[in-house]
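Participant: run.txt (compact mmCIF, C-alpha atoms) pasted underneath:
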```txt
# COMPACT_ATOMS: atom_id res chain seq x y z
CA MET A 1 -37.43 -1.39 44.03
CA ILE A 2 -39.95 0.92 45.72
CA LEU A 3 -42.62 -0.83 47.74
CA SER A 4 -46.10 0.46 48.26
CA PRO A 5 -46.94 1.48 51.86
CA THR A 6 -49.36 -1.45 52.09
CA SER A 7 -46.66 -3.89 51.07
CA GLN A 8 -44.11 -2.36 53.40
CA GLU A 9 -46.48 -2.93 56.26
CA LEU A 10 -47.09 -6.45 55.04
CA ILE A 11 -43.38 -7.14 55.00
CA ARG A 12 -42.90 -5.74 58.49
CA ARG A 13 -45.59 -8.06 59.77
CA ARG A 14 -44.54 -11.13 57.87
CA LEU A 15 -40.88 -11.07 56.98
CA PRO A 16 -37.50 -10.48 58.54
CA ALA A 17 -35.94 -9.19 55.34
CA ARG A 18 -36.69 -7.88 51.87
CA PRO A 19 -36.32 -10.27 48.96
CA VAL A 20 -32.92 -10.42 47.34
CA VAL A 21 -33.08 -10.37 43.58
CA THR A 22 -30.04 -10.45 41.37
CA ALA A 23 -30.15 -8.99 37.89
CA ILE A 24 -28.65 -11.33 35.32
CA GLY A 25 -26.99 -8.51 33.43
CA HIS A 26 -24.98 -7.54 36.49
CA ALA A 27 -24.02 -11.03 37.54
CA ALA A 28 -20.90 -11.36 35.38
CA PRO A 29 -19.12 -9.73 32.50
CA THR A 30 -20.29 -10.81 29.05
CA MET A 31 -18.57 -14.08 28.27
CA THR A 32 -16.99 -14.74 24.92
CA LYS A 33 -16.46 -18.46 25.16
CA ASN A 34 -17.35 -20.68 22.24
CA LEU A 35 -17.43 -24.44 22.28
CA ILE A 36 -15.61 -25.66 19.18
CA PHE A 37 -15.20 -29.36 19.94
CA GLU A 38 -16.77 -31.80 22.36
CA ARG A 39 -16.61 -35.58 22.50
CA GLY A 40 -16.94 -38.08 25.29
CA LEU A 41 -16.39 -41.73 26.10
CA SER A 42 -17.68 -44.18 28.68
CA ILE A 43 -14.82 -46.11 30.21
CA GLY A 44 -15.35 -48.73 32.87
CA GLY A 45 -18.46 -47.15 34.32
CA GLU A 46 -17.01 -43.66 34.23
CA SER A 47 -17.55 -41.08 31.56
CA VAL A 48 -14.99 -38.61 30.28
CA VAL A 49 -15.83 -35.64 28.08
CA LEU A 50 -13.28 -33.35 26.46
CA SER A 51 -14.54 -29.88 25.54
CA LEU A 52 -12.39 -27.36 23.70
CA PHE A 53 -13.40 -23.73 24.06
CA LYS A 54 -12.14 -20.80 22.08
CA THR A 55 -12.21 -17.52 23.95
CA THR A 56 -11.20 -13.97 23.17
CA HIS A 57 -7.93 -14.65 24.90
CA GLY A 58 -7.06 -18.14 23.71
CA PHE A 59 -8.18 -21.71 24.19
CA SER A 60 -9.12 -23.77 27.19
CA LEU A 61 -9.67 -27.49 27.37
CA GLN A 62 -12.15 -28.86 29.84
CA ARG A 63 -11.88 -32.50 30.88
CA ARG A 64 -15.00 -33.62 32.67
CA LEU A 65 -14.98 -36.93 34.51
CA VAL A 66 -18.21 -38.34 35.92
CA GLU A 67 -17.51 -41.17 38.32
CA ARG A 68 -19.77 -44.10 39.13
CA ASP A 69 -21.14 -42.35 42.21
CA GLN A 70 -21.98 -39.30 40.04
CA SER A 71 -19.14 -37.22 41.48
CA VAL A 72 -17.95 -34.81 38.79
CA PHE A 73 -14.36 -33.69 38.41
CA VAL A 74 -13.66 -30.90 35.97
CA GLN A 75 -10.13 -29.93 35.01
CA VAL A 76 -9.70 -26.65 33.14
CA LEU A 77 -6.44 -26.43 31.21
CA PRO A 78 -5.66 -23.07 29.61
CA ILE A 79 -3.78 -23.83 26.37
CA THR A 80 -1.08 -21.36 25.48
CA ALA A 81 1.16 -23.83 23.62
CA MET A 82 0.73 -27.19 21.90
CA ASP A 83 3.07 -28.66 24.47
CA ASP A 84 0.46 -27.95 27.20
CA LEU A 85 -1.98 -30.21 25.40
CA HIS A 86 0.62 -32.88 24.62
CA ARG A 87 1.73 -33.13 28.24
CA PHE A 88 -1.83 -33.15 29.55
CA ALA A 89 -2.87 -35.85 27.06
CA THR A 90 0.18 -38.01 27.69
CA ALA A 91 -0.37 -37.89 31.45
CA ASP A 92 -4.07 -38.71 31.15
CA PRO A 93 -4.80 -42.01 32.90
CA TYR A 94 -7.09 -42.80 29.95
CA SER A 95 -4.59 -41.54 27.37
CA GLU A 96 -4.94 -44.66 25.24
CA GLU A 97 -8.74 -44.61 25.12
CA LEU A 98 -8.90 -40.84 24.66
CA ALA A 99 -6.14 -40.66 22.03
CA PRO A 100 -8.57 -40.07 19.12
CA LEU A 101 -10.26 -37.28 21.05
CA TYR A 102 -7.00 -35.58 21.97
CA TYR A 103 -5.93 -35.96 18.34
CA GLU A 104 -9.05 -34.11 17.26
CA VAL A 105 -8.45 -31.35 19.82
CA ARG A 106 -4.91 -30.98 18.50
CA ARG A 107 -6.22 -30.84 14.93
CA GLN A 108 -8.63 -28.06 15.86
CA LEU A 109 -5.81 -26.07 17.42
CA LEU A 110 -3.56 -26.57 14.41
CA GLU A 111 -6.33 -25.51 12.07
CA ASP A 112 -6.81 -22.34 14.04
CA GLY A 113 -3.12 -21.63 13.81
CA THR A 114 -2.88 -19.28 16.77
CA VAL A 115 -1.37 -21.81 19.18
CA GLU A 116 2.20 -22.92 18.54
CA MET B 1 10.96 -5.12 50.46
CA THR B 2 9.38 -7.45 47.96
CA ARG B 3 5.83 -6.41 48.78
CA ARG B 4 6.51 -2.73 48.24
CA GLN B 5 8.10 -3.40 44.86
CA THR B 6 5.31 -5.62 43.56
CA HIS B 7 2.28 -3.81 44.89
CA PRO B 8 1.39 -1.48 41.97
CA GLU B 9 1.81 -4.19 39.36
CA VAL B 10 -0.16 -6.73 41.36
CA SER B 11 -2.98 -4.24 41.94
CA GLY B 12 -3.33 -3.76 38.20
CA LEU B 13 -3.37 -7.50 37.64
CA PHE B 14 -6.09 -7.92 40.25
CA GLU B 15 -8.22 -5.36 38.47
CA LYS B 16 -7.81 -7.31 35.23
CA LEU B 17 -8.60 -10.56 36.99
CA MET B 18 -11.84 -9.25 38.46
CA ALA B 19 -12.99 -8.17 35.00
CA ALA B 20 -11.79 -11.35 33.23
CA GLU B 21 -14.32 -12.39 30.61
CA ASP B 22 -13.40 -16.06 30.40
CA ASP B 23 -11.25 -18.68 32.05
CA SER B 24 -8.38 -18.20 29.59
CA GLU B 25 -8.06 -14.55 30.55
CA LEU B 26 -8.57 -15.44 34.19
CA ALA B 27 -5.83 -18.07 34.08
CA SER B 28 -3.46 -15.65 32.40
CA CYS B 29 -4.07 -13.05 35.14
CA VAL B 30 -3.61 -15.60 37.90
CA LYS B 31 -0.36 -16.85 36.38
CA SER B 32 0.96 -13.29 36.17
CA ILE B 33 0.01 -12.55 39.77
CA VAL B 34 1.52 -15.78 41.05
CA THR B 35 4.81 -15.33 39.22
CA THR B 36 5.04 -11.65 40.19
CA LEU B 37 4.69 -12.72 43.81
CA GLY B 38 7.58 -15.15 43.48
CA ALA B 39 5.89 -18.51 42.90
CA GLU B 40 5.86 -20.72 39.80
CA SER B 41 2.79 -22.93 40.02
CA TYR B 42 -0.77 -22.81 41.18
CA VAL B 43 -3.93 -24.87 41.18
CA PHE B 44 -7.27 -23.46 42.26
CA VAL B 45 -9.90 -25.99 43.27
CA THR B 46 -13.55 -25.25 43.94
CA LEU B 47 -15.56 -27.83 45.83
CA HIS B 48 -19.24 -28.44 46.33
CA PRO B 49 -18.85 -31.16 48.93
CA GLY B 50 -22.55 -31.56 49.59
CA ASP B 51 -23.68 -31.71 46.00
CA ILE B 52 -23.36 -35.07 44.29
CA SER B 53 -25.06 -34.69 40.94
CA SER B 54 -23.88 -35.19 37.39
CA SER B 55 -25.12 -31.71 36.53
CA ARG B 56 -22.60 -29.89 38.70
CA ALA B 57 -18.91 -30.40 39.38
CA THR B 58 -18.05 -31.56 42.86
CA HIS B 59 -14.41 -30.59 42.19
CA ARG B 60 -13.27 -28.06 39.61
CA PHE B 61 -9.57 -27.51 38.98
CA LEU B 62 -8.04 -24.50 37.27
CA ILE B 63 -4.62 -25.69 36.21
CA GLY B 64 -1.67 -23.34 36.45
CA CYS B 65 1.01 -25.93 37.02
CA ARG B 66 2.64 -28.81 35.19
CA PRO B 67 -0.27 -30.59 33.47
CA GLU B 68 1.18 -33.94 34.58
CA TRP B 69 0.62 -33.05 38.22
CA CYS B 70 -3.09 -32.44 37.85
CA GLN B 71 -3.58 -35.69 35.92
CA MET B 72 -1.57 -37.62 38.50
CA TYR B 73 -3.58 -36.08 41.34
CA ASN B 74 -6.88 -37.10 39.78
CA ALA B 75 -5.73 -40.51 38.57
CA ASN B 76 -4.66 -41.42 42.11
CA LYS B 77 -7.84 -39.91 43.55
CA TRP B 78 -5.69 -37.93 45.93
CA TYR B 79 -8.59 -35.55 46.46
CA MET B 80 -9.92 -38.24 48.80
CA THR B 81 -6.88 -38.13 51.07
CA ASP B 82 -5.27 -34.77 50.36
CA PRO B 83 -4.45 -33.41 53.86
CA PHE B 84 -4.70 -29.83 52.58
CA LEU B 85 -8.23 -30.40 51.34
CA ASP B 86 -9.14 -31.93 54.69
CA TYR B 87 -7.67 -28.92 56.44
CA SER B 88 -9.47 -26.51 54.11
CA ARG B 89 -12.90 -27.95 54.82
CA SER B 90 -12.86 -26.58 58.35
CA ASN B 91 -10.23 -23.84 58.33
CA THR B 92 -9.69 -20.53 56.60
CA ALA B 93 -6.18 -19.64 57.73
CA PRO B 94 -3.49 -20.13 55.06
CA VAL B 95 -0.86 -22.78 55.78
CA THR B 96 2.54 -23.64 54.45
CA GLY B 97 3.37 -27.13 53.24
CA SER B 98 5.44 -27.92 56.30
CA GLN B 99 2.60 -27.03 58.67
CA ILE B 100 0.53 -30.00 57.53
CA VAL B 101 1.87 -33.39 58.54
CA ALA B 102 1.15 -36.40 56.36
CA THR B 103 -0.24 -39.21 58.50
CA THR B 104 -0.61 -42.00 55.95
CA GLN B 105 1.62 -43.59 53.35
CA GLY B 106 -0.73 -42.36 50.61
CA GLN B 107 -0.43 -38.79 51.84
CA ARG B 108 3.36 -39.06 51.99
CA GLU B 109 3.39 -40.32 48.40
CA MET B 110 1.15 -37.46 47.33
CA LEU B 111 3.35 -34.83 48.96
CA ALA B 112 6.50 -36.39 47.48
CA ALA B 113 4.94 -36.30 44.02
CA ALA B 114 3.83 -32.69 44.55
CA SER B 115 7.39 -31.78 45.51
CA GLU B 116 8.65 -33.22 42.23
CA ASN B 117 6.02 -31.35 40.21
CA GLY B 118 6.47 -27.70 41.05
CA PHE B 119 5.39 -27.72 44.69
CA ARG B 120 8.74 -28.28 46.43
CA SER B 121 7.63 -25.49 48.73
CA GLY B 122 3.99 -24.57 49.01
CA PHE B 123 1.41 -22.26 50.45
CA VAL B 124 -2.24 -23.25 50.65
CA VAL B 125 -5.13 -20.82 51.05
CA PRO B 126 -8.64 -22.08 51.91
CA VAL B 127 -11.59 -19.81 51.22
CA HIS B 128 -15.27 -20.34 51.98
CA THR B 129 -18.54 -18.83 50.86
CA SER B 130 -20.81 -17.41 53.51
CA ASP B 131 -23.11 -20.43 53.46
CA THR B 132 -20.04 -22.75 53.67
CA GLU B 133 -21.45 -24.96 50.92
CA ARG B 134 -18.80 -23.90 48.45
CA ILE B 135 -15.11 -24.02 49.22
CA GLY B 136 -12.10 -22.85 47.28
CA VAL B 137 -8.51 -23.93 47.82
CA LEU B 138 -5.60 -22.12 46.23
CA TYR B 139 -2.39 -24.13 46.06
CA ILE B 140 0.70 -22.03 45.41
CA GLY B 141 3.96 -23.78 44.58
CA SER B 142 7.60 -22.94 44.17
CA ASP B 143 10.71 -24.90 43.26
CA ASP B 144 12.64 -23.14 46.00
CA THR B 145 13.69 -25.19 48.99
CA GLN B 146 10.94 -25.61 51.54
CA ALA B 147 12.43 -23.15 54.02
CA GLU B 148 13.26 -20.48 51.46
CA GLY B 149 10.07 -20.92 49.44
CA GLU B 150 7.76 -20.87 52.43
CA ARG B 151 9.45 -17.74 53.73
CA LYS B 152 8.93 -15.97 50.41
CA LEU B 153 5.36 -17.19 49.92
CA THR B 154 4.30 -16.40 53.47
CA ALA B 155 5.49 -12.81 52.95
CA GLN B 156 2.83 -12.54 50.21
CA ARG B 157 0.07 -14.03 52.35
CA LEU B 158 -2.15 -10.97 52.00
CA TYR B 159 -2.09 -11.12 48.20
CA PHE B 160 -2.57 -14.88 47.97
CA ARG B 161 -5.53 -14.67 50.29
CA SER B 162 -7.09 -11.91 48.20
CA LEU B 163 -6.43 -13.95 45.09
CA ALA B 164 -8.20 -17.00 46.51
CA MET B 165 -11.24 -14.93 47.47
CA GLU B 166 -11.46 -13.27 44.07
CA LEU B 167 -11.17 -16.63 42.33
CA LEU B 168 -13.96 -18.16 44.39
CA ASP B 169 -16.16 -15.15 43.62
CA TRP B 170 -15.33 -15.35 39.92
CA PHE B 171 -16.19 -19.04 39.70
CA GLY B 172 -19.37 -18.44 41.68
CA ARG B 173 -20.50 -15.83 39.17
CA GLU B 174 -19.55 -18.11 36.30
CA ALA B 175 -21.46 -21.07 37.76
CA LYS B 176 -24.51 -18.89 38.25
CA ARG B 177 -24.31 -17.55 34.71
CA GLU B 178 -24.12 -21.09 33.31
CA VAL B 179 -27.22 -22.17 35.21
CA LEU B 180 -29.19 -19.10 34.16
CA GLU B 181 -28.26 -19.61 30.51
CA ALA B 182 -28.85 -23.35 30.55
CA HIS B 183 -32.41 -22.87 31.81
CA ASP B 184 -33.14 -19.57 30.09
CA ILE B 185 -33.94 -17.98 33.44
CA THR B 186 -34.75 -14.27 33.19
CA ASP B 187 -34.50 -11.35 35.60
CA LYS B 188 -38.25 -11.52 36.07
CA ASP B 189 -38.11 -15.24 36.90
CA LEU B 190 -35.52 -14.53 39.58
CA GLN B 191 -37.55 -11.65 40.91
CA VAL B 192 -40.60 -13.89 41.33
CA VAL B 193 -38.57 -16.68 42.92
CA GLY B 194 -36.92 -14.14 45.23
CA TYR B 195 -40.32 -12.99 46.46
CA LEU B 196 -41.42 -16.59 46.96
CA LYS B 197 -38.30 -17.39 48.94
CA ASN B 198 -39.22 -14.60 51.32
CA GLY B 199 -42.72 -15.86 51.86
CA PHE B 200 -44.75 -13.70 49.49
CA THR B 201 -48.01 -15.12 48.18
CA ALA B 202 -49.04 -14.79 44.55
CA GLU B 203 -51.28 -11.89 45.59
CA ASP B 204 -48.37 -10.13 47.33
CA ILE B 205 -46.14 -10.59 44.31
CA ALA B 206 -48.83 -9.36 41.94
CA ARG B 207 -49.16 -6.23 44.06
CA GLU B 208 -45.42 -5.62 44.11
CA MET B 209 -45.01 -6.16 40.39
CA ASP B 210 -48.19 -4.28 39.58
CA VAL B 211 -49.69 -7.12 37.55
CA SER B 212 -52.64 -9.45 37.98
CA VAL B 213 -52.52 -12.59 40.09
CA GLN B 214 -53.22 -14.61 36.94
CA THR B 215 -50.07 -13.15 35.40
CA ILE B 216 -48.07 -14.33 38.40
CA TYR B 217 -49.54 -17.83 38.08
CA GLY B 218 -48.50 -17.68 34.43
CA ASN B 219 -44.98 -16.77 35.59
CA TYR B 220 -45.03 -19.75 37.96
CA LYS B 221 -45.86 -22.08 35.06
CA LYS B 222 -43.10 -20.70 32.85
CA ILE B 223 -40.56 -21.05 35.65
CA LYS B 224 -41.65 -24.63 36.42
CA ASP B 225 -41.45 -25.55 32.73
CA LYS B 226 -37.97 -24.10 32.40
CA LEU B 227 -36.68 -26.02 35.41
CA GLY B 228 -38.68 -29.18 34.80
CA VAL B 229 -40.29 -29.17 38.23
CA THR B 230 -43.88 -29.75 39.23
CA HIS B 231 -44.26 -27.33 42.11
CA ILE B 232 -43.05 -23.75 42.37
CA SER B 233 -41.49 -24.47 45.78
CA GLU B 234 -39.03 -26.74 43.95
CA ALA B 235 -37.98 -23.74 41.86
CA VAL B 236 -37.16 -21.86 45.05
CA LYS B 237 -35.11 -24.80 46.27
CA PHE B 238 -33.33 -24.98 42.90
CA ALA B 239 -32.49 -21.28 43.12
CA GLU B 240 -31.12 -21.71 46.62
CA VAL B 241 -29.02 -24.76 45.75
CA HIS B 242 -27.45 -22.93 42.79
CA ASP B 243 -26.94 -19.65 44.66
CA LEU B 244 -29.10 -17.81 42.13
CA LEU B 245 -30.50 -15.44 44.74
CA ALA B 246 -27.25 -14.62 46.51
```
As a first step, turn the structure in this file into structure tokens.

Facilitator:
Amino acid sequence: MILSPTSQELIRRRLPARPVVTAIGHAAPTMTKNLIFERGLSIGGESVVLSLFKTTHGFSLQRRLVERDQSVFVQVLPITAMDDLHRFATADPYSEELAPLYYEVRRQLLEDGTVE
Amino acid sequence: MTRRQTHPEVSGLFEKLMAAEDDSELASCVKSIVTTLGAESYVFVTLHPGDISSSRATHRFLIGCRPEWCQMYNANKWYMTDPFLDYSRSNTAPVTGSQIVATTQGQREMLAAASENGFRSGFVVPVHTSDTERIGVLYIGSDDTQAEGERKLTAQRLYFRSLAMELLDWFGREAKREVLEAHDITDKDLQVVGYLKNGFTAEDIAREMDVSVQTIYGNYKKIKDKLGVTHISEAVKFAEVHDLLA
């Protein structure tokens, strides 16, 4: 950005530094991440949302837990095999409540057919 | 020498990681780097300790270990007592598992469980952003004995440290992108907010952008509507909180 002489003088008088502006297009590579399934449940004052994303390079499952104090814990599980999902779902402390949601995630993966 | 043998391959993987388009590709790169450097498991956690809001994660875990471990860690709320997280809040030097001593029964249970889940030996790398609001912690694990594993992992300290820094940068860019997309914030919006942050008046901004003052007030309104705020100074605060101007 080229500043006019008047503005440069103004900045010298008023400011310690020039503004920092970040162009969106340079902030990150173009993302190819599509949400293909998302469901959530409220359990005992907490809320859990499962989001399945399909990307150029595979799938990732995001488990988002919002606690009563509004703390948010996000786990990102890259899925390269069905066993990844099975083990993650089985070990989930809310596995019973979330079983229908994990079932749906599994169904989506099976339908896609690229994850074994 | 292990480092000499792995260097070219790891360099290539780092280049791929920095250009990763999504978290699946990122995770694949990280896994390759970690295994090439002699470890088996990793977890990368980003923290925003000062930001309690349902709109942004206070803890974000990228899982590159046994899925059971990450669920167990969260179910037991070990993030509240994890001695490595405590260490990472105020330190940047990497540490091995044996350098941190568990002081409570809960911490001892956590470390025992970690040992059984791919972190028999471990190396932990804290990394901070310049404003210290955002912290990353890279946990590297191996099933080697503690002495042997820590020796091998410590030899790769340079690479693990670089990896942690690149991951924190990557997630920072991703978080910023999500916020910009969610609120439909444009380059011009950021430019205006950037000027405001540095103390420019509407007249100054109009002069810099070669438009009328009325146009700038129109920009203010659009920005406020997008962010759902009533005063433009709140938009500046929003941009600062979400690192949009960094």

Participant: Would you kindly report the residues of chain B within 7 Å of chain A, using all atoms listed in the file, as a PDB file with C-alpha atoms, in the coordinates of the input?

Facilitator:
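As a result, out_23.pdb now contains:
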```pdb
ATOM      1  CA  ALA B  19     -12.990  -8.170  35.000  1.00  0.00           C
ATOM      2  CA  GLU B  21     -14.320 -12.390  30.610  1.00  0.00           C
ATOM      3  CA  ASP B  22     -13.400 -16.060  30.400  1.00  0.00           C
ATOM      4  CA  SER B  24      -8.380 -18.200  29.590  1.00  0.00           C
ATOM      5  CA  GLU B  25      -8.060 -14.550  30.550  1.00  0.00           C
ATOM      6  CA  ALA B  27      -5.830 -18.070  34.080  1.00  0.00           C
ATOM      7  CA  ILE B  52     -23.360 -35.070  44.290  1.00  0.00           C
ATOM      8  CA  SER B  53     -25.060 -34.690  40.940  1.00  0.00           C
ATOM      9  CA  SER B  54     -23.880 -35.190  37.390  1.00  0.00           C
ATOM     10  CA  ARG B  56     -22.600 -29.890  38.700  1.00  0.00           C
ATOM     11  CA  ALA B  57     -18.910 -30.400  39.380  1.00  0.00           C
ATOM     12  CA  THR B  58     -18.050 -31.560  42.860  1.00  0.00           C
ATOM     13  CA  HIS B  59     -14.410 -30.590  42.190  1.00  0.00           C
ATOM     14  CA  ARG B  60     -13.270 -28.060  39.610  1.00  0.00           C
ATOM     15  CA  PHE B  61      -9.570 -27.510  38.980  1.00  0.00           C
ATOM     16  CA  LEU B  62      -8.040 -24.500  37.270  1.00  0.00           C
ATOM     17  CA  ILE B  63      -4.620 -25.690  36.210  1.00  0.00           C
ATOM     18  CA  PRO B  67      -0.270 -30.590  33.470  1.00  0.00           C
ATOM     19  CA  GLU B  68       1.180 -33.940  34.580  1.00  0.00           C
ATOM     20  CA  GLN B  71      -3.580 -35.690  35.920  1.00  0.00           C
ATOM     21  CA  ALA B  75      -5.730 -40.510  38.570  1.00  0.00           C
ATOM     22  CA  ARG B 173     -20.500 -15.830  39.170  1.00  0.00           C
ATOM     23  CA  GLU B 174     -19.550 -18.110  36.300  1.00  0.00           C
ATOM     24  CA  ASP B 187     -34.500 -11.350  35.600  1.00  0.00           C
ATOM     25  CA  LEU B 190     -35.520 -14.530  39.580  1.00  0.00           C
ATOM     26  CA  GLN B 191     -37.550 -11.650  40.910  1.00  0.00           C
ATOM     27  CA  GLY B 194     -36.920 -14.140  45.230  1.00  0.00           C
ATOM     28  CA  TYR B 195     -40.320 -12.990  46.460  1.00  0.00           C
ATOM     29  CA  ASN B 198     -39.220 -14.600  51.320  1.00  0.00           C
ATOM     30  CA  GLU B 208     -45.420  -5.620  44.110  1.00  0.00           C
ATOM     31  CA  LEU B 245     -30.500 -15.440  44.740  1.00  0.00           C
TER      32      LEU B 245
END
```

Participant: Do you have the atom CA of His242 of chain B-atom CA of Cys70 of chain B distance handy?

Facilitator: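 Between atom CA of His242 of chain B and atom CA of Cys70 of chain B the gap is 26.6 Å.
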
Participant: Can you tell me which residues surround Glu40 of chain B at a distance of at most 12 Å, considering all atoms listed in the file, apart from same-chain residues fewer than 4 positions away, and format the answer as a list in words?

Facilitator: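 In the requested form, the answer reads Val30, Lys31, Ser32, Ile33, Val34, Thr35, Thr36, Gly64, Cys65, Arg66, Asn117, Gly118, Phe119, Arg120, Ser121, Gly122, Phe123, Tyr139, Ile140, Gly141, Ser142, Asp143, Asp144, Gly149 and Leu153 of chain B.
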
Participant: Could you check how far atom CA of Glu9 of chain B sits from atom CA of Thr129 of chain B, in Å to one decimal?

Facilitator: 27.6 Å

Participant: So how far away is atom CA of Tyr87 of chain B from atom CA of Ala239 of chain B, in Å?

Facilitator: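 Straight-line distance from atom CA of Ala239 of chain B to atom CA of Tyr87 of chain B works out to 29.2 Å.
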
Participant: Specify the axis-aligned box that encloses all atoms of segment 66-71 of chain A listed in the file after padding of 8 Å on each side, stating its centre and edge lengths in Å to one decimal as lines of an AutoDock Vina configuration file.

Facilitator:
```
center_x = -19.7
center_y = -40.7
center_z = 39.1
size_x = 20.5
size_y = 22.9
size_z = 22.3
```

Participant: Can you pull out every residue within 10 Å of segment 216-222 of chain B, counting only C-alpha atoms, but drop anything in the same chain fewer than 6 positions away, and send it as a list in words?

Facilitator: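 Those residues are Ile185, Lys188, Asp189, Val192, Val193, Thr201, Ala202, Glu203, Asp204, Ile205, Ala206, Arg207, Met209, Gly228, Val229, Thr230, His231, Ile232, Ser233 and Ala235 of chain B.
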
Participant: B:Thr154, B:Thr103, B:Ser41, B:Ser11: which is nearest Thr81 of chain B, counting only C-alpha atoms?

Facilitator: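 Once distances to Thr81 of chain B are computed over only C-alpha atoms, the minimum belongs to B:Thr103.
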
Participant: Determine the nearest neighbour of Leu41 of chain A from the options A:Arg106, A:Glu111, A:Met82, A:Ala99, counting only C-alpha atoms.

Facilitator: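 Closest to Leu41 of chain A, using only C-alpha atoms: A:Ala99.
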
Participant: B:Phe160, B:Tyr73, B:Trp170, B:Phe84: which is nearest Gly38 of chain B, counting all atoms listed in the file?

Facilitator: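 Ranked by minimum distance to Gly38 of chain B, first place goes to B:Phe160.
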
Participant: With N, CA and C atoms as the goal, would you fill in the gaps in segment 223-236 of chain B and present it as a CSV table (one decimal), in the frame of the given file?

Facilitator:
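Saved file selection05.csv follows:
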```
chain,number,residue,atom,x,y,z
B,223,ILE,N,-41.7,-20.7,34.9
B,223,ILE,CA,-40.6,-21.0,35.6
B,223,ILE,C,-40.5,-22.6,35.9
B,224,LYS,N,-41.6,-23.2,36.2
B,224,LYS,CA,-41.6,-24.6,36.4
B,224,LYS,C,-41.3,-25.4,35.2
B,225,ASP,N,-41.8,-24.9,34.0
B,225,ASP,CA,-41.4,-25.6,32.7
B,225,ASP,C,-40.0,-25.5,32.4
B,226,LYS,N,-39.4,-24.3,32.7
B,226,LYS,CA,-38.0,-24.1,32.4
B,226,LYS,C,-37.1,-25.0,33.3
B,227,LEU,N,-37.5,-25.2,34.5
B,227,LEU,CA,-36.7,-26.0,35.4
B,227,LEU,C,-37.1,-27.5,35.4
B,228,GLY,N,-38.2,-27.8,34.8
B,228,GLY,CA,-38.7,-29.2,34.8
B,228,GLY,C,-39.1,-29.7,36.2
B,229,VAL,N,-39.8,-28.8,36.9
B,229,VAL,CA,-40.3,-29.2,38.2
B,229,VAL,C,-41.8,-29.1,38.2
B,230,THR,N,-42.4,-29.7,39.2
B,230,THR,CA,-43.9,-29.8,39.2
B,230,THR,C,-44.5,-28.7,40.2
B,231,HIS,N,-43.7,-28.3,41.2
B,231,HIS,CA,-44.3,-27.3,42.1
B,231,HIS,C,-43.3,-26.1,42.2
B,232,ILE,N,-43.9,-25.0,42.4
B,232,ILE,CA,-43.0,-23.8,42.4
B,232,ILE,C,-42.1,-23.7,43.6
B,233,SER,N,-42.4,-24.4,44.6
B,233,SER,CA,-41.5,-24.5,45.8
B,233,SER,C,-40.2,-25.2,45.4
B,234,GLU,N,-40.3,-26.1,44.4
B,234,GLU,CA,-39.0,-26.7,44.0
B,234,GLU,C,-38.1,-25.8,43.2
B,235,ALA,N,-38.8,-24.8,42.6
B,235,ALA,CA,-38.0,-23.7,41.9
B,235,ALA,C,-37.2,-22.9,42.9
B,236,VAL,N,-37.8,-22.6,44.0
B,236,VAL,CA,-37.2,-21.9,45.0
B,236,VAL,C,-36.0,-22.7,45.6
```
